[in-house]
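Remarks on the structure that follows.
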Amino acid sequence: MASLHLGDTAPDFTAPTTEGDISFLDWKGNSWAIFFSHPADYTPVCTTELGRVAQLSDEWDKRHTKVIALSVDSVQDHNAWKPDVEEVAKATVGYPIIADPDKKVAELYDMIHPGEGNTSSVRSVFVIGPDNVIRLMLTYPKSVGRNFDEILRVLDALQLNDSGPFATPVDWRPGDRAIVNLDIPTDAAMELFPDLDVVKPYLRYTGATSV
Ligand code: BEZ
């Protein structure tokens, strides 16, 4: 198993899901994608996480982003557990959950970590761009639920980065000023962004962005 890095093309696979068999990259198309794993069905933290992702369906849509979950449980288990998730979250799980009992996909994406038990996936998140390039990877231990508001924030930041010569500073939120990348000299940056705030020659902010 080769480990994945930022900038790699997301490996393709076919797998059974709660929405039928899928071929991952065909399913994804040219959308953004959030591919996330959870350790097991019928567990408390996972129930809250999959419910939160369901509650955020409008937010994923606004960002042209498809979401897909994975655990090493069967399709039957996923389908039997899903009503619990929906009842707790008061939201419909409208995204597929991959069944990976033979761990083929979890191993392909390095979602099984020995320190966290060999038998199930940790809480991995991959943000994959429209061109299928891996743009962000996160790994949380089984005992810590993820913050999907942060995943939305990262998506907004990545989409802003792609829209112009921008990076985002610490704790950036949509609507905050962005940093103008260093490959734009300050004279040129001032022409492009008349509000340019030059804090240091290498730290220049503009509010002239939109997400
Ligand atoms: C949970 O989702 O609560 C959980 C799953 C596996 C191990 C520990 C916690």
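Residue numbering restarts at 1 for every chain of the structure tokens, chains are lettered A, B, ... in their displayed order, and ligands are numbered from 1 as they appear.
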For ligand 1, return the neighbouring residues as a PyMOL selection string (distance at most 12 Å; only C-alpha atoms and all ligand atoms).
chain A and resi 37-51+71-72+85+116-123+140-146
Kindly provide the residues of segment 171-193 of chain A that approach segment 147-151 of chain A to within 12 Å, each paired with its closest atom pair and their distance in Å to one decimal, based on only C-alpha atoms, listed by chain and increasing number, as a tab-separated table.
```
residue	atom	partner	partner_atom	distance
A:Asp171	CA	A:Glu150	CA	10.0
A:Trp172	CA	A:Glu150	CA	10.6
A:Arg173	CA	A:Glu150	CA	9.8
A:Pro174	CA	A:Glu150	CA	11.6
```
Rank A:Asp197, A:Glu19, A:Asp187, A:Glu59 by their smallest atom-to-atom distance to Ile97 of chain A, using only C-alpha atoms, and report the top residue only.
A:Glu19
Those of segment 146-179 of chain A in DSSP strand (DSSP E), formatted as a ChimeraX atom specification:
/A:166-167,178-179
Requested write-out: all heavy atoms of the selected residues, as an mmCIF file, in the first residue's frame:
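So the final result, stored in out-v5.cif, reads:
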```cif
data_model
loop_
_atom_site.group_PDB
_atom_site.id
_atom_site.type_symbol
_atom_site.label_atom_id
_atom_site.label_comp_id
_atom_site.auth_asym_id
_atom_site.auth_seq_id
_atom_site.Cartn_x
_atom_site.Cartn_y
_atom_site.Cartn_z
ATOM 1 N N PHE A 166 -4.580 33.888 -4.167
ATOM 2 C CA PHE A 166 -4.876 34.083 -2.751
ATOM 3 C C PHE A 166 -4.451 32.894 -1.892
ATOM 4 O O PHE A 166 -4.525 31.743 -2.313
ATOM 5 C CB PHE A 166 -6.381 34.287 -2.538
ATOM 6 C CG PHE A 166 -6.970 35.381 -3.374
ATOM 7 C CD1 PHE A 166 -8.033 35.120 -4.232
ATOM 8 C CD2 PHE A 166 -6.472 36.668 -3.307
ATOM 9 C CE1 PHE A 166 -8.582 36.126 -5.008
ATOM 10 C CE2 PHE A 166 -7.013 37.688 -4.082
ATOM 11 C CZ PHE A 166 -8.065 37.401 -4.942
ATOM 12 N N ALA A 167 -4.062 33.220 -0.668
ATOM 13 C CA ALA A 167 -3.923 32.233 0.402
ATOM 14 C C ALA A 167 -4.763 32.770 1.564
ATOM 15 O O ALA A 167 -5.186 33.936 1.546
ATOM 16 C CB ALA A 167 -2.461 32.092 0.804
ATOM 17 N N ALA A 178 -8.060 38.179 2.494
ATOM 18 C CA ALA A 178 -7.149 37.093 2.107
ATOM 19 C C ALA A 178 -5.744 37.660 1.926
ATOM 20 O O ALA A 178 -5.551 38.876 1.819
ATOM 21 C CB ALA A 178 -7.621 36.448 0.810
ATOM 22 N N ILE A 179 -4.785 36.782 1.894
ATOM 23 C CA ILE A 179 -3.383 37.136 1.621
ATOM 24 C C ILE A 179 -3.145 37.031 0.117
ATOM 25 O O ILE A 179 -3.622 36.082 -0.523
ATOM 26 C CB ILE A 179 -2.454 36.171 2.392
ATOM 27 C CG1 ILE A 179 -2.520 36.505 3.893
ATOM 28 C CG2 ILE A 179 -1.039 36.212 1.858
ATOM 29 C CD1 ILE A 179 -1.862 35.460 4.785
#
```
Excluding Gly175 of chain A and its own-chain neighbours fewer than 5 positions away, which residues fall within 12 Å of it when counting only C-alpha atoms? Please give them as a short mmCIF file (atom, residue, chain, number, x, y, z; two decimals) with N, CA and C atoms, in the first residue's frame.
```cif
data_model
loop_
_atom_site.label_atom_id
_atom_site.label_comp_id
_atom_site.auth_asym_id
_atom_site.auth_seq_id
_atom_site.Cartn_x
_atom_site.Cartn_y
_atom_site.Cartn_z
N ARG A 153 -15.13 25.23 6.13
CA ARG A 153 -14.21 26.37 6.08
C ARG A 153 -13.03 26.08 5.14
N ASP A 156 -14.15 26.29 1.58
CA ASP A 156 -14.25 27.69 1.17
C ASP A 156 -12.86 28.26 0.89
N ALA A 157 -11.90 27.94 1.75
CA ALA A 157 -10.54 28.45 1.57
C ALA A 157 -9.93 27.89 0.28
N LEU A 160 -11.48 29.53 -2.66
CA LEU A 160 -10.94 30.90 -2.80
C LEU A 160 -9.53 30.85 -3.39
N THR A 168 -4.99 31.92 2.55
CA THR A 168 -5.83 32.38 3.67
C THR A 168 -5.04 32.33 4.97
N THR A 206 -5.82 41.64 1.04
CA THR A 206 -6.87 42.33 0.29
C THR A 206 -8.22 41.79 0.71
N GLY A 207 -9.20 42.69 0.66
CA GLY A 207 -10.58 42.26 0.90
C GLY A 207 -11.32 42.06 -0.41
N ALA A 208 -10.62 42.28 -1.53
CA ALA A 208 -11.28 42.23 -2.84
C ALA A 208 -11.35 40.81 -3.37
N THR A 209 -11.96 39.96 -2.58
CA THR A 209 -12.17 38.56 -3.01
C THR A 209 -13.62 38.24 -2.73
N SER A 210 -14.10 37.20 -3.32
CA SER A 210 -15.45 36.76 -2.94
C SER A 210 -15.47 35.25 -2.97
N VAL A 211 -16.23 34.69 -2.06
CA VAL A 211 -16.38 33.22 -2.02
C VAL A 211 -17.81 32.89 -2.37
#
```
Please identify the helix (DSSP H, G or I) residues within segment 30-202 of chain A (assignment by DSSP from backbone atoms) and present them as a ChimeraX atom specification.
/A:44-55,57-62,75-89,104-108,114-116,148-163,186-192
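The shortest atom-to-atom distance to Ser31 of chain A, with only C-alpha atoms taken into account, belongs to A:Val67 out of A:Val198, A:Ala80, A:Val67, A:Ala99.
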Pick out the closest residue to Leu4 of chain A from this set: A:Arg135, A:Asp176, A:Gly164, A:Ile184. Count only C-alpha atoms.
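Looking at the shortest contact to Leu4 of chain A, the residue is A:Arg135.
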Give the answer as one residue: which of A:Phe24, A:Phe35, A:Tyr205, A:Tyr95 has the shortest atom-to-atom distance to Phe126 of chain A, using only C-alpha atoms?
A:Phe35
Could you check the closest approach to Thr14 of chain A for each of A:Asp58, A:His64, A:Ala91, A:Ile98 and tell me which residue wins, using only C-alpha atoms?
A:Ile98
Let me make sure I understand: among A:Pro96, A:Pro169, A:Pro194, A:Pro130, which one has the smallest atom-to-atom distance to Ile22 of chain A if we use only C-alpha atoms?
A:Pro96
